[in-house]
Structures are given as C-alpha cells and as structure tokens.
Amino acid sequence: MDLDAFFCSVEENLNPDLRGKAFVVGGSPDGRGVVSSASYTARPFGVRSAMPTGRALRLCPGLIVVTPRHGAYGRESQRVMQILRDAAPVVEQISVDEAFLDVSDDPRPGEEIARSLRGAIDRSCRLPTSWGVASNKLVAKIATEVGKPRGLVVVPPGREAAFLAPLPIEMLWGIGPRTRERLQPLGLRTIGDLAQLSDSQLTEEFGPHGIDLAARARGEDDRPVEEGREARSMSSETTFARDVADGAILNAKLRELSDEVGARLREAGMAGTTVRLKLRWPDFTTLTRQVSLHQPTDQDGEIFAAARGLFERVWKPGRKVRLIGVGVANLGDRMRQLGLFDASWQQDGRLLAAIDAIRARYGREAVRRGARRGRGDGPEG
Ligand code: TTP
Ligand code: MG
Ligand code: MG
C-alpha cells in the first residue's frame with residue numbers, strides 16, 4: 001500500500017479549496033526549496049517530488065505552493081498504519097506512507113482484502129491509497145506504482161514475469177545509475193528485455209550480480225515481510241585535536257562526516273530513516289539529537305541537511321565542541337531504488353555513484369564537490 005500524493009491529500013482535507021488544483025507541498029521557490037509532494041493535477045506538467053520548487057513553477061505556471069505541516073502528516077500516517085495493523089498480522093512500514101502487509105494466512109483473496117482496506121482508509125481518514133497484490137514484495141511494490149492513483153493491481157502467482165516484462169527497466173529495484181549505463185548500449189529497455197538474457201550474457205555484462213538482476217526481472221524475491229526491522233545504524237565521528245568553536249570548521253566537518261556515512265551506506269546497499277547528531281562539549285557532557293525523514297536515505301546531501309538542521313538547534317556561535325558525529329539509523333534495504341521516477345534524485349544518485357567510484361580508486365581526498373569549498377552553509381553547501 002502507498003498513499004496517493006500523500007502530503008497533498010492531507011492538505012486537501014485541511015483546505016478543500018485545493019481539491020482538483022495543480023499544487024505542491026514544498027519549500028519556498030526562493031532559497032533552495034524543493035517539492036515534497038505534487039498533486040495529480042500538477043503531474044502532467046512534469047512536476048515531481050524532490051524537484052526545486054522554482055523549476056516546478058516554471059513548468060506549471062499558476063502552481064500553488066503549500067508550506068509543509070509535518071505534524072499533520074505524521075498523525076495521519078499513524079492513523080493509516082493503525083488501520084493496517086488492526087487488519088493484518090504482519091505489517092512492515094517502509095516509509096511515512098508505505099507499508100507491506102503479509103496476508104498469506106487470510107483465506108480471503110488479496111484483492112478483497114485490499115479493496116476493503118482501501119475503503120476503510122477512505123472513510124476514516126479521507127485519504128486515497130493504491131494497492132499492489134502479489135506473491136512477494138518486489139512485485140507488490142511495482143504493482144502499487146503501476147496502478148496509481150487509486151489503483152488496485154493484482155498479479156496472480158505465476159504471472160510475475162509476464163506482468164513485469166513490458167515495464168521500463170528503471171522500475172526494477174536494484175537498477176542503479178551504474179547498471180543503467182551498462183544497459184543502454186545493450187538496447188535493453190524493458191524488464192522483459194533483461195529477463196531474456198542468458199546466464200552467461202548476464203555474468204559477462206554485470207558480473208555475479210547479473211544472475212540476481214535477472215531473477216528480479218522475472219519477479220523473484222524471497223524477502224519476508226518483517227514487522228520490526230533491526231534498528232541498525234551507521235555513524236562517523238571525530239574528536240578534534242583541540243576544541244573547536246569556529247562555525248565554518250564545524251560545518252565543514254559535518255559535511256565531511258555526512259559524506260562518509262552516505263558513502264558507507266551506499267557501499268552496503270542500505271538506507272535509513274533517522275539521522276543523528278552527536279556533540280561532546282569540552283567538559284565531556286554529550287548530547288545526541290535525531291530527526292526522522294520521510295523516506296529512507298543514503299544521500300550525502302540529505303544526511304547533511306538533516307544533521308545541519310539538528311546542529312543549528314543546539315549549537316550557539318562561539319561554543320566550543322570537543323567531538324562531533326553524524327549517524328543514520330533505522331536502516332533497511334535501499335528500497336528507494338524500487339521507484340526511480342524522480343529525475344533530480346536520479347541525477348544526484350548518478351553523481352554520487354561516480355564520486356564513490358573515484359574515491360575508491362584514488363582515496364577520499366581526490367574528490368570534493370566544488371560547491372563545498374564555497375559558502376558551505378546550505379544542504380548542497
Ligand atoms: P511518495 O509516496 O513517494 O509520494 P506521494 O505520496 O506524494 O505521491 P504518490 O502518489 O506517487 O505516492 O512519498 C510520500 C510522501 O513523502 C510525500 O507525499 C512527501 C514525502 N516526500 C518528500 O518529502 N520528499 C521526496 O522526495 C519524496 C519522494 C517524498
Ligand atoms: Mg505515496
Ligand atoms: Mg511512498
């Protein structure tokens with residue numbers, strides 16, 4: 001299950017005048033605001049999540065920009081998730097508006113369960129949802145995307161490969177930017193094109209990973225639906241040789257630690273929904289602060305933006321810092337790869353993959369994004 005245009009749908013309930021209008025929930029176009037959620041009326045103009053709000057306004061003149069009210073989205077998310085938990089024995093929430101349900105013990109057809117839950121969420125929360133019913137998470141996730149908005153797509157057991165075959169290859173989980181570059185010259189466009197390659201072609205083109213890729217292209221996935229994910233985390237921290245009170249140095253260190261954590265997450269194929277900041281003062285008292293994200297991240301810029309926000313809330317100019325650390329927790333598979341519709345995110349992902357590759361060859365100091373040497377003050381600093 002995934003909610004349709006989630007933040008926008010909540011805003012429509014709070015302000016019915018928005019219903020049917022082209023609007024986004026997002027940051028202000030001046031500054032570095034980006035779109036969080038785009039209404040379905042705005043989407044034919046090319047307006048998408050994670051796009052700079054300024055660009056969205058150019059694509060769609062007259063677009064209404066609504067400032068996010070995260071408290072309301074969090075509350076609505078919890079209500080929806082409670083409805084799911086009351087109805088299914090195992091519910092795995094993977095983001096603020098998405099969850100997998102394991103209903104294999106329920107004798108009713110999956111379609112009936114989905115239809116009844118869609119109705120329940122409609123009635124009690126007035127929120128539209130899309131549903132994918134399938135034998136595993138990979139296919140259910142793609143079926144959910146395919147049916148949006150207000151979709152209910154059922155893929156019967158045994159029909160997984162046939163369902164995926166005509167879909168664009170980018171919809172497949174695990175097709176990152178590097179793999180995609182390899183696919184293009186081979187003329188592979190659809191998931192079916194990939195599924196048809198022989199094992200020897202696959203290993204030749206993609207290495208040992210190629211066999212897994214083809215299995216996914218046939219819709220094979222044996223990951224269980226898991227209730228409480230292991231709360232693993234990844235972090236990097238530095239103790240300064242001498243206590244530091246210079247905001248620019250602290251900011252640069254935050255950026256560096258965020259980049260390090262991001263690179264390690266991508267290496268491990270993990271992404272997390274919680275960003276943590278750790279600070280130790282000269283008297284050894286230690287403080288940690290954390291913030292929840294709406295989607296799992298493995299992106300340096302997102303980790304830095306969150307860590308920076310936490311830092312700004314607790315650090316006063318002039319205050320000396322002994323240790324500073326950045327971490328990402330609530331880790332899981334890089335589920336975000338499953339839906340690669342967002343062009344700006346893809347570009348960022350491609351850039352970061354290239355940076356990782358160069359760092360691996362020449363060491364960390366070889367690459368610094370040019371902007372980092374500049375102002376060093378914003379998320380993309
Ligand atoms: P999504 O489910 O990816 O998007 P959506 O619900 O807005 O639209 P769709 O109908 O395609 O599912 O994300 C859920 C919410 O998470 C979204 O409403 C806002 C937030 N979000 C961000 O803040 N930034 C992002 O880049 C994305 C993708 C989502
Ligand atoms: Mg959604
Ligand atoms: Mg979602």
# chains A, B, ... in the order shown; residues from 1 in each chain; ligands from 1
>>> closest_atom_pairs(of="chain A", to="ligand 3", cutoff="6 Å", atoms="only C-alpha atoms and all ligand atoms", output="CSV")
residue,atom,partner,partner_atom_place_in_ligand_line,distance
A:Asp2,CA,ligand 3,1 (Mg),5.3
A:Asp97,CA,ligand 3,1 (Mg),4.9
A:Glu98,CA,ligand 3,1 (Mg),4.9
>>> write_last_selection(atoms="C-alpha atoms", output="mmCIF file, in the first residue's frame")
data_model
loop_
_atom_site.group_PDB
_atom_site.id
_atom_site.type_symbol
_atom_site.label_atom_id
_atom_site.label_comp_id
_atom_site.auth_asym_id
_atom_site.auth_seq_id
_atom_site.Cartn_x
_atom_site.Cartn_y
_atom_site.Cartn_z
ATOM 1 C CA ASP A 2 1.121 3.523 -0.758
ATOM 2 C CA ASP A 97 3.114 6.475 3.527
ATOM 3 C CA GLU A 98 4.024 2.936 2.501
#
>>> residues_near_ligand(ligand="ligand 2", cutoff="9 Å", atoms="only C-alpha atoms and all ligand atoms", output="ChimeraX atom specification")
/A:1-7,37,96-98,129-130,145,148
>>> select_by_dssp(residues="region 227-334 of chain A", states="strand (DSSP E or B)", output="PyMOL selection string")
chain A and resi 233-244+270-280+286-297+321-333
>>> select_by_dssp(residues="region 175-327 of chain A", states="alpha helix (DSSP H)", output="ChimeraX atom specification")
/A:177-183,191-195,199-206,209-217,247-268,300-314
>>> residues_around(residues="Ile142 (chain A)", least_positions_apart="5", cutoff="10 Å", atoms="only C-alpha atoms", output="MDAnalysis selection string")
chainID A and resid 131:134 137 147 153 163:164 167 171:173 219 338:339
>>> write_last_selection(atoms="N, CA and C atoms", output="PDB file, in the first residue's frame")
ATOM      1  N   TRP A 131      -2.856   0.089  -4.205  1.00  0.00           N
ATOM      2  CA  TRP A 131      -2.544  -1.251  -3.690  1.00  0.00           C
ATOM      3  C   TRP A 131      -1.985  -2.149  -4.774  1.00  0.00           C
ATOM      4  N   GLY A 132      -1.012  -2.940  -4.392  1.00  0.00           N
ATOM      5  CA  GLY A 132      -0.497  -3.981  -5.272  1.00  0.00           C
ATOM      6  C   GLY A 132      -0.611  -5.293  -4.526  1.00  0.00           C
ATOM      7  N   VAL A 133      -1.218  -6.270  -5.183  1.00  0.00           N
ATOM      8  CA  VAL A 133      -1.391  -7.580  -4.548  1.00  0.00           C
ATOM      9  C   VAL A 133      -0.550  -8.582  -5.331  1.00  0.00           C
ATOM     10  N   ALA A 134       0.416  -9.205  -4.652  1.00  0.00           N
ATOM     11  CA  ALA A 134       1.308 -10.128  -5.344  1.00  0.00           C
ATOM     12  C   ALA A 134       1.919 -11.103  -4.360  1.00  0.00           C
ATOM     13  N   LYS A 137       7.278  -8.961  -2.218  1.00  0.00           N
ATOM     14  CA  LYS A 137       7.368  -7.518  -2.011  1.00  0.00           C
ATOM     15  C   LYS A 137       7.754  -6.772  -3.283  1.00  0.00           C
ATOM     16  N   GLY A 147      -0.477   1.104 -10.649  1.00  0.00           N
ATOM     17  CA  GLY A 147      -1.908   1.407 -10.571  1.00  0.00           C
ATOM     18  C   GLY A 147      -2.242   2.822 -10.141  1.00  0.00           C
ATOM     19  N   VAL A 153      -3.917  -3.245  -8.272  1.00  0.00           N
ATOM     20  CA  VAL A 153      -3.386  -4.112  -9.320  1.00  0.00           C
ATOM     21  C   VAL A 153      -3.042  -5.460  -8.696  1.00  0.00           C
ATOM     22  N   PHE A 163       3.902  -9.960 -15.950  1.00  0.00           N
ATOM     23  CA  PHE A 163       3.466  -8.624 -15.526  1.00  0.00           C
ATOM     24  C   PHE A 163       4.604  -7.611 -15.670  1.00  0.00           C
ATOM     25  N   LEU A 164       5.797  -8.010 -15.259  1.00  0.00           N
ATOM     26  CA  LEU A 164       6.919  -7.072 -15.280  1.00  0.00           C
ATOM     27  C   LEU A 164       7.455  -6.832 -16.693  1.00  0.00           C
ATOM     28  N   LEU A 167       7.293  -3.488 -18.647  1.00  0.00           N
ATOM     29  CA  LEU A 167       7.549  -2.238 -17.903  1.00  0.00           C
ATOM     30  C   LEU A 167       8.971  -1.748 -18.140  1.00  0.00           C
ATOM     31  N   MET A 171      12.040   0.718 -13.480  1.00  0.00           N
ATOM     32  CA  MET A 171      11.125   0.412 -12.382  1.00  0.00           C
ATOM     33  C   MET A 171      11.614  -0.740 -11.529  1.00  0.00           C
ATOM     34  N   LEU A 172      12.656  -1.398 -11.977  1.00  0.00           N
ATOM     35  CA  LEU A 172      13.133  -2.571 -11.244  1.00  0.00           C
ATOM     36  C   LEU A 172      14.069  -2.177 -10.121  1.00  0.00           C
ATOM     37  N   TRP A 173      13.843  -2.724  -8.955  1.00  0.00           N
ATOM     38  CA  TRP A 173      14.696  -2.461  -7.806  1.00  0.00           C
ATOM     39  C   TRP A 173      16.121  -2.954  -8.109  1.00  0.00           C
ATOM     40  N   GLY A 219      10.714 -11.365 -11.495  1.00  0.00           N
ATOM     41  CA  GLY A 219       9.775 -11.154 -10.396  1.00  0.00           C
ATOM     42  C   GLY A 219      10.022 -12.070  -9.220  1.00  0.00           C
ATOM     43  N   LEU A 338      13.533   1.099  -5.708  1.00  0.00           N
ATOM     44  CA  LEU A 338      12.379   0.493  -6.349  1.00  0.00           C
ATOM     45  C   LEU A 338      11.626   1.461  -7.233  1.00  0.00           C
ATOM     46  N   GLY A 339      11.584   2.712  -6.857  1.00  0.00           N
ATOM     47  CA  GLY A 339      10.812   3.663  -7.658  1.00  0.00           C
ATOM     48  C   GLY A 339      11.729   4.759  -8.127  1.00  0.00           C
TER      49      GLY A 339
END
>>> residues_around(residues="Leu213 (chain A)", least_positions_apart="6", cutoff="9 Å", atoms="only C-alpha atoms", output="PyMOL selection string")
chain A and resi 172-175+194-195+202+206
>>> write_last_selection(atoms="N, CA and C atoms", output="mmCIF file, in the first residue's frame")
data_model
loop_
_atom_site.group_PDB
_atom_site.id
_atom_site.type_symbol
_atom_site.label_atom_id
_atom_site.label_comp_id
_atom_site.auth_asym_id
_atom_site.auth_seq_id
_atom_site.Cartn_x
_atom_site.Cartn_y
_atom_site.Cartn_z
ATOM 1 N N LEU A 172 12.656 -1.398 -11.977
ATOM 2 C CA LEU A 172 13.133 -2.571 -11.244
ATOM 3 C C LEU A 172 14.069 -2.177 -10.121
ATOM 4 N N TRP A 173 13.843 -2.724 -8.955
ATOM 5 C CA TRP A 173 14.696 -2.461 -7.806
ATOM 6 C C TRP A 173 16.121 -2.954 -8.109
ATOM 7 N N GLY A 174 17.081 -2.171 -7.780
ATOM 8 C CA GLY A 174 18.475 -2.579 -7.974
ATOM 9 C C GLY A 174 19.081 -2.059 -9.261
ATOM 10 N N ILE A 175 18.275 -1.410 -10.101
ATOM 11 C CA ILE A 175 18.840 -0.802 -11.298
ATOM 12 C C ILE A 175 19.323 0.586 -10.906
ATOM 13 N N LEU A 194 15.620 -7.637 -20.110
ATOM 14 C CA LEU A 194 16.659 -8.082 -19.186
ATOM 15 C C LEU A 194 16.455 -9.554 -18.816
ATOM 16 N N ALA A 195 15.185 -9.922 -18.591
ATOM 17 C CA ALA A 195 14.879 -11.292 -18.162
ATOM 18 C C ALA A 195 15.281 -12.306 -19.220
ATOM 19 N N LEU A 202 24.584 -12.511 -18.839
ATOM 20 C CA LEU A 202 24.368 -11.720 -17.628
ATOM 21 C C LEU A 202 25.648 -11.587 -16.810
ATOM 22 N N PHE A 206 27.336 -8.064 -16.198
ATOM 23 C CA PHE A 206 27.114 -7.471 -14.862
ATOM 24 C C PHE A 206 27.861 -8.179 -13.739
#
>>> atom_distance(atom1="CA of Arg189 (chain A)", atom2="atom 5 (P, counted along the ligand's line) of ligand 1")
25.4 Å
>>> residues_around(residues="His294 (chain A)", least_positions_apart="2", cutoff="7 Å", atoms="only C-alpha atoms", output="count of residues only")
5
